[in-house]
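Everything below concerns the one structure shown next.
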Amino acid sequence: MAYNIEQTDAQLLGTTAAIRYRLTFPQAAQHLVNVEMEFDTAAGTIALVLPNWIPGSYKVRDFISNQGDLQVFAPDGTQLTPEWTSKNRFTLVVPTAGTVRATWNWYGNERSVRLSHINRFHAFINPANVMMYVEGRTDEIHHVEVHNPWSQLSTPLSPVREKVWGALNYDILVDSPMELGNHFVATFARHG
């Protein structure tokens with residue numbers, strides 16, 4: 001598939017993805033989003049990275065300092081030990097092909113266009129500082145399953161199926177913030 005910086009809903013509807021995220025908010029009142037990332041991979045050494053930049057602002061950031069309780073599991077369920085190779089990147093050895101699962105919490109209590117903000121009333125998720133990527137695989141389709149405790153979700157991501165949104169690549173994902181809450185959503189039609 002050719003690299004894209006734009007997408008249409010039709011391009012993502014009903015797709016499958018080898019890289020998937022799940023966002024849940026059981027501790028929203030404590031400003032936490034729980035993130036689970038699953039990715040299908042061959043055996044070998046892989047690297048996971050949390051960006052230290054956001055689209056449109058390429059100053060080096062320290063988003064990793066808001067991440068906690070990182071755990072990574074091999075396809076057989078055994079826990080893997082990540083080796084940190086820089087402040088926002090770690091490598092791990094995956095013993096067999098299959099689905100690797102990583103989980104972490106991300107603390108968001110700053111109202112800004114750069115960071116995420118979570119509380120009991122809403123969540124503003126900036127994927128660039130919440131969702132790690134698999135190094136060398138940013139050009140693949142990425143799916144995000146959102147378990148929204150509120151009534152609305154507003155995002156430029158494309159719907160895939162119920163509760164699942166998608167991006168043709170990681171660059172589109174990180175340039176697609178999400179606002180979850182009980183906010184008013186207005187719709188309109190133009191030229192049919």
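Ligands are numbered from 1 in the order shown, chains are lettered A, B, ... in the order of the structure tokens, and residues start at 1 in each chain.
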Might you pull out every residue within 12 Å of range 157-170 of chain A, with only C-alpha atoms counted and same-chain residues fewer than 4 positions away left off, and present them as a PyMOL selection string? chain A and resi 1-24+49-51+54-55+127-128+131-149+151-153+174-179
Pick out each residue of range 125-168 of chain A that DSSP on the backbone tags as helix (DSSP H, G or I); I need them as a ChimeraX atom specification. /A:127-130
Selection from above, N, CA and C atoms, as a short mmCIF file (atom, residue, chain, number, x, y, z; two decimals), in the first residue's frame, can you write it?
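What ended up in part16.cif:
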```cif
data_model
loop_
_atom_site.label_atom_id
_atom_site.label_comp_id
_atom_site.auth_asym_id
_atom_site.auth_seq_id
_atom_site.Cartn_x
_atom_site.Cartn_y
_atom_site.Cartn_z
N PRO A 127 -2.81 10.75 20.58
CA PRO A 127 -2.14 9.46 20.38
C PRO A 127 -0.62 9.53 20.38
N ALA A 128 -0.04 10.66 19.99
CA ALA A 128 1.42 10.76 19.95
C ALA A 128 2.05 10.59 21.31
N ASN A 129 1.34 10.93 22.38
CA ASN A 129 1.97 10.77 23.69
C ASN A 129 1.39 9.63 24.51
N VAL A 130 0.45 8.88 23.95
CA VAL A 130 -0.17 7.77 24.67
C VAL A 130 0.13 6.42 24.04
#
```
Hey, what's within 6 Å of Ala28 in chain A if we count only C-alpha atoms and toss same-chain stuff fewer than 5 positions away? As a PyMOL selection string, please? chain A and resi 118-120
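The space between CA of Val100 in chain A and CA of Gly77 in chain A spans 8.4 Å.
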Distance query Asn105 in chain A at most 6 Å, only C-alpha atoms, self and fewer than 3 positions along chain excluded, as a ChimeraX atom specification: /A:33-35,67-68
Write out the residues from the selection above, keeping C-alpha atoms, as an mmCIF file, in the first residue's frame.
```
data_model
loop_
_atom_site.group_PDB
_atom_site.id
_atom_site.type_symbol
_atom_site.label_atom_id
_atom_site.label_comp_id
_atom_site.auth_asym_id
_atom_site.auth_seq_id
_atom_site.Cartn_x
_atom_site.Cartn_y
_atom_site.Cartn_z
ATOM 1 C CA VAL A 33 -6.010 5.922 30.636
ATOM 2 C CA ASN A 34 -5.211 2.210 30.463
ATOM 3 C CA VAL A 35 -3.623 1.218 27.162
ATOM 4 C CA GLN A 67 3.782 6.337 31.253
ATOM 5 C CA GLY A 68 3.732 3.763 34.033
#
```
Which neighbours of Ser65 in chain A fall inside 9 Å, counting only C-alpha atoms, when residues of the same chain fewer than 2 positions from it are skipped, and could you give them as a PDB file with all heavy atoms, in the first residue's frame?
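Contents of selection20.pdb, freshly written:
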```
ATOM      1  N   ASP A  62       9.019  14.970  26.575  1.00  0.00           N
ATOM      2  CA  ASP A  62       9.286  13.915  27.555  1.00  0.00           C
ATOM      3  C   ASP A  62       7.990  13.187  27.911  1.00  0.00           C
ATOM      4  O   ASP A  62       7.635  13.048  29.070  1.00  0.00           O
ATOM      5  CB  ASP A  62       9.925  14.525  28.804  1.00  0.00           C
ATOM      6  CG  ASP A  62      10.461  13.466  29.743  1.00  0.00           C
ATOM      7  OD1 ASP A  62      10.804  12.363  29.288  1.00  0.00           O
ATOM      8  OD2 ASP A  62      10.521  13.738  30.953  1.00  0.00           O
ATOM      9  N   PHE A  63       7.253  12.709  26.901  1.00  0.00           N
ATOM     10  CA  PHE A  63       5.981  12.042  27.138  1.00  0.00           C
ATOM     11  C   PHE A  63       6.126  10.754  27.937  1.00  0.00           C
ATOM     12  O   PHE A  63       5.218  10.349  28.646  1.00  0.00           O
ATOM     13  CB  PHE A  63       5.278  11.730  25.811  1.00  0.00           C
ATOM     14  CG  PHE A  63       4.984  12.942  24.978  1.00  0.00           C
ATOM     15  CD1 PHE A  63       5.183  12.917  23.617  1.00  0.00           C
ATOM     16  CD2 PHE A  63       4.496  14.108  25.554  1.00  0.00           C
ATOM     17  CE1 PHE A  63       4.895  14.021  22.822  1.00  0.00           C
ATOM     18  CE2 PHE A  63       4.211  15.219  24.771  1.00  0.00           C
ATOM     19  CZ  PHE A  63       4.409  15.174  23.405  1.00  0.00           C
ATOM     20  N   GLN A  67       4.129   7.741  31.433  1.00  0.00           N
ATOM     21  CA  GLN A  67       3.782   6.337  31.253  1.00  0.00           C
ATOM     22  C   GLN A  67       4.218   5.527  32.458  1.00  0.00           C
ATOM     23  O   GLN A  67       5.303   5.750  33.002  1.00  0.00           O
ATOM     24  CB  GLN A  67       4.456   5.793  29.991  1.00  0.00           C
ATOM     25  CG  GLN A  67       4.058   4.386  29.632  1.00  0.00           C
ATOM     26  CD  GLN A  67       4.849   3.865  28.463  1.00  0.00           C
ATOM     27  OE1 GLN A  67       6.073   3.896  28.492  1.00  0.00           O
ATOM     28  NE2 GLN A  67       4.172   3.413  27.441  1.00  0.00           N
ATOM     29  N   GLY A  68       3.371   4.590  32.888  1.00  0.00           N
ATOM     30  CA  GLY A  68       3.732   3.763  34.033  1.00  0.00           C
ATOM     31  C   GLY A  68       3.175   2.355  33.923  1.00  0.00           C
ATOM     32  O   GLY A  68       2.303   2.070  33.110  1.00  0.00           O
ATOM     33  N   LYS A  87      15.507   6.968  26.337  1.00  0.00           N
ATOM     34  CA  LYS A  87      14.457   7.356  27.278  1.00  0.00           C
ATOM     35  C   LYS A  87      13.055   7.011  26.794  1.00  0.00           C
ATOM     36  O   LYS A  87      12.136   6.920  27.593  1.00  0.00           O
ATOM     37  CB  LYS A  87      14.540   8.842  27.608  1.00  0.00           C
ATOM     38  CG  LYS A  87      14.045   9.759  26.510  1.00  0.00           C
ATOM     39  CD  LYS A  87      14.001  11.190  26.991  1.00  0.00           C
ATOM     40  CE  LYS A  87      13.290  12.077  25.996  1.00  0.00           C
ATOM     41  NZ  LYS A  87      13.103  13.418  26.498  1.00  0.00           N
ATOM     42  N   ASN A  88      12.861   6.812  25.495  1.00  0.00           N
ATOM     43  CA  ASN A  88      11.519   6.548  24.985  1.00  0.00           C
ATOM     44  C   ASN A  88      11.457   5.303  24.089  1.00  0.00           C
ATOM     45  O   ASN A  88      10.510   5.109  23.353  1.00  0.00           O
ATOM     46  CB  ASN A  88      10.999   7.752  24.194  1.00  0.00           C
ATOM     47  CG  ASN A  88      11.820   8.036  22.959  1.00  0.00           C
ATOM     48  OD1 ASN A  88      13.023   7.806  22.918  1.00  0.00           O
ATOM     49  ND2 ASN A  88      11.172   8.543  21.932  1.00  0.00           N
ATOM     50  N   TRP A 106      -1.259   5.660  31.316  1.00  0.00           N
ATOM     51  CA  TRP A 106      -0.705   6.958  30.946  1.00  0.00           C
ATOM     52  C   TRP A 106      -1.435   8.020  31.751  1.00  0.00           C
ATOM     53  O   TRP A 106      -2.666   8.066  31.760  1.00  0.00           O
ATOM     54  CB  TRP A 106      -0.838   7.217  29.446  1.00  0.00           C
ATOM     55  CG  TRP A 106       0.138   8.232  28.966  1.00  0.00           C
ATOM     56  CD1 TRP A 106       1.398   8.013  28.531  1.00  0.00           C
ATOM     57  CD2 TRP A 106      -0.063   9.652  28.891  1.00  0.00           C
ATOM     58  NE1 TRP A 106       2.002   9.192  28.192  1.00  0.00           N
ATOM     59  CE2 TRP A 106       1.122  10.215  28.407  1.00  0.00           C
ATOM     60  CE3 TRP A 106      -1.119  10.488  29.200  1.00  0.00           C
ATOM     61  CZ2 TRP A 106       1.281  11.582  28.212  1.00  0.00           C
ATOM     62  CZ3 TRP A 106      -0.964  11.844  29.013  1.00  0.00           C
ATOM     63  CH2 TRP A 106       0.230  12.378  28.520  1.00  0.00           C
ATOM     64  N   TYR A 107      -0.672   8.856  32.454  1.00  0.00           N
ATOM     65  CA  TYR A 107      -1.221   9.905  33.321  1.00  0.00           C
ATOM     66  C   TYR A 107      -1.360  11.196  32.524  1.00  0.00           C
ATOM     67  O   TYR A 107      -0.384  11.704  31.975  1.00  0.00           O
ATOM     68  CB  TYR A 107      -0.286  10.129  34.510  1.00  0.00           C
ATOM     69  CG  TYR A 107      -0.734  11.226  35.438  1.00  0.00           C
ATOM     70  CD1 TYR A 107      -1.747  11.005  36.360  1.00  0.00           C
ATOM     71  CD2 TYR A 107      -0.146  12.482  35.384  1.00  0.00           C
ATOM     72  CE1 TYR A 107      -2.163  12.012  37.215  1.00  0.00           C
ATOM     73  CE2 TYR A 107      -0.553  13.496  36.242  1.00  0.00           C
ATOM     74  CZ  TYR A 107      -1.558  13.252  37.149  1.00  0.00           C
ATOM     75  OH  TYR A 107      -1.967  14.250  37.986  1.00  0.00           O
TER      76      TYR A 107
END
```
Check range 11-186 of chain A with DSSP on the backbone and list each residue it calls strand (DSSP E or B), as a VMD selection string. chain A and resid 19 to 24 32 to 41 44 to 49 54 57 67 to 73 79 to 80 83 to 86 89 to 94 98 to 107 109 117 to 118 122 to 125 133 to 134 142 to 146 152 to 154 158 to 161 164 to 167 178 to 181
Tell me which of A:Gly108, A:Gly192, A:Pro75, A:Pro26 sits closest to Asn126 in chain A, counting only C-alpha atoms. A:Gly108
Show which residues sit within 10 Å of Ser112 in chain A, as a list in words. Count only C-alpha atoms, and ignore same-chain residues fewer than 3 positions away. Asn109, Leu115, Ser116, His117, Phe124 and Asn126 of chain A
Between A:Ile172, A:Val185, A:Ala74, A:Phe121, single out the one closest to Thr99 in chain A, counting only C-alpha atoms. A:Ala74
